[in-house]
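A.B. asks: Structure provided below as structure tokens; questions to follow.
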Amino acid sequence: MKHGSGMVSYIVKRLLSTIPVMLVVAVTVFLLVRIGNSDPAAVIAGDYAGQERVEQIRTQLGLDEPIVRQFIIWISGVLRGDLGTSIFSGLPVSRLISQRVIPTFTLAVLTMGFAILFAVPLGSIAGWKAGSWIDKLVMIVSVFAFSFPVFLIGYILVYVFSLNMDLLPVQGYKSISEGLGPFLSHIALPVMALGSVYVALIARMTRASMIQVLREDYIRTARAKGLASGKVVIIHALKNAAIPIATVIGVGFAGLIGGVVVTETVFNIPGLGRLTATAIVNKDYPVIQGVVLLFAATYVLVNLVIDISYTFLDPRIKY
């Protein structure tokens with residue numbers, strides 16, 4: 001019972017610690033979208049509108065209120081689940097986000113799954129065979145994958161698999177409800193393009209962590225007892241190398257959020273990335289605020305899950 005109550009107490013404390021983080025994010029986002037020379041009311045009114053029309057729109061949007069009051073009104077709405085209304089479409093921001101969230105999170109989850117599936121075995125083998133040709137090959141490929149920007153990798157994959165080999169569609173997105181085949185064929189290239197960077201990142205961290213763990217005394221003891229090398233690597237070494245790997249996965253999620261915006265643009269995926277890009281171009285600040293807050297909350301949640309996973313990966317870590 002103590003263990004269970006300790007876990008609950010730890011989770012509650014970590015959740016409470018996210019409140020000031022999210023408040024700082026909210027304030028920062030609110031201020032950033034208002035810094036600059038552009039006036040949302042003037043943008044909506046158009047180039048040929050008179051000052052009277054601009055002032056009328058500014059009043060409708062509440063932009064004539066003091067900035068502190070604007071923030072209080074906005075954050076009060078956020079706490080009620082109201083993220084505001086899009087300046088250009090006139091639709092609730094929450095509805096726009098709900099229409100785009102599934103493609104984005106599908107891409108993000110599959111990308112991270114793809115990265116972990118390939119990176120952990122590759123990094124483990126490289127660490128196990130440190131200094132060998134396998135290790136050097138894995139590191140060379142990792143360096144190249146990590147050096148290229150996502151959009152360039154995406155265009156290369158499109159050229160090879162779509163234009164030359166005609167195996168996969170160039171762009172677009174199909175939901176899984178339209179069939180598993182169309183879904184996988186459309187999501188494959190975006191996942192490979194975005195995932196290649198994280199395969200490189202996680203593989204390098206896995207290799208470094210494995211090399212360090214394989215030098216520990218208990219690994220030498222396990223080998224001295226005659227355990228097969230494969231069992232030593234998988235059962236003993238990989239388990240104890242898991243915390244740094246989990247950490248880099250959590251940190252990598254921040255970069256994944258930025259990569260989603262580029263990837264969705266390249267592959268014409270109707271997700272939050274494209275919604276954000278369009279909102280930035282149109283200076284649709286309610287949409288920008290809503291999407292950035294969602295991304296920030298997701299990142300904080302992922303890091304909370306990573307923190308909690310430490311207690312399962314290493315029993316020595318106390319609550």
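Ordering of the structure tokens sets the chain letters (A, B, ...), residue numbers begin anew at 1 in every chain, and ligands are numbered from 1 in the order given.
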Could you give me, as a list in words, the residues within 9 Å of Leu31 of chain A, counting only C-alpha atoms and dropping anything in the same chain fewer than 5 positions from it?
C.D. replies: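 My list of contacting residues is Ala26, Ile67 and Phe71 of chain A.
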A.B. asks: Would you work out the distance separating atom CA of Met192 of chain A from atom CA of Pro270 of chain A, expressed in Å to one decimal?
C.D. replies: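 Between atom CA of Met192 of chain A and atom CA of Pro270 of chain A the gap works out to 17.9 Å.
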A.B. asks: If we count only C-alpha atoms and set the cut-off at 9 Å, which residues sit around Ala193 of chain A, ignoring sequence neighbours fewer than 2 positions away in its own chain? Please answer as a ChimeraX atom specification.
C.D. replies: /A:111,150-157,188-191,195-197,263
A.B. asks: Go ahead and write the residues just picked, C-alpha atoms, as a compact mmCIF listing (two decimals), in the first residue's frame.
C.D. replies:
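What ended up in result.txt:
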# COMPACT_ATOMS: atom_id res chain seq x y z
CA THR A 111 7.04 8.52 -35.89
CA VAL A 150 13.39 17.01 -42.44
CA PHE A 151 12.02 18.71 -45.55
CA LEU A 152 15.04 17.63 -47.60
CA ILE A 153 14.73 14.02 -46.44
CA GLY A 154 11.04 14.22 -47.32
CA TYR A 155 11.73 15.40 -50.87
CA ILE A 156 14.37 12.68 -51.33
CA LEU A 157 11.92 10.00 -50.18
CA ALA A 188 4.65 5.87 -44.59
CA LEU A 189 6.74 8.63 -46.20
CA PRO A 190 5.97 11.30 -43.58
CA VAL A 191 6.82 8.85 -40.79
CA GLY A 195 11.43 9.49 -37.97
CA SER A 196 14.87 9.30 -39.58
CA VAL A 197 16.11 12.21 -37.44
CA THR A 263 6.45 17.51 -42.46
A.B. asks: Using only C-alpha atoms, which protein or nucleic acid residues come within 12 Å of Ala130 of chain A? Drop anything in the same chain fewer than 6 positions from it, and give the result as an MDAnalysis selection string.
C.D. replies: chainID A and resid 122:124 136:139 204 206:212 214:215
A.B. asks: Nearest to Leu184 of chain A: which of A:Leu107, A:Leu96, A:Leu256, A:Val292 is it, counting only C-alpha atoms?
C.D. replies: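 The shortest atom-to-atom distance to Leu184 of chain A comes from A:Leu107.
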A.B. asks: My list of candidates is A:Ala115, A:Val25, A:Leu167, A:Ala203. Which is closest to Ile140 of chain A when distances are computed with only C-alpha atoms?
C.D. replies: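 For Ile140 of chain A, the nearest of the candidates is A:Ala203.
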A.B. asks: So what do you get for atom CA of Thr278 of chain A versus atom CA of Leu32 of chain A, distance-wise?
C.D. replies: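 Taking atom CA of Thr278 of chain A as the start and atom CA of Leu32 of chain A as the end point, the length is 16.9 Å.
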A.B. asks: So which one's closest to Ser175 of chain A, A:Ala126, A:Ile187, A:Ile73, A:Ile11? Using only C-alpha atoms, please.
C.D. replies: A:Ile187
A.B. asks: Can you tell me, as a PyMOL selection string, what residues are no more than 9 Å from Gln99 of chain A when counting only C-alpha atoms, ignoring any on the same chain fewer than 5 positions away?
C.D. replies: chain A and resi 94+270-272
A.B. asks: Do you have the atom CA of Arg95 of chain A-atom CA of Asp82 of chain A distance handy?
C.D. replies: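 Interatomic distance, atom CA of Arg95 of chain A to atom CA of Asp82 of chain A: 9.9 Å.
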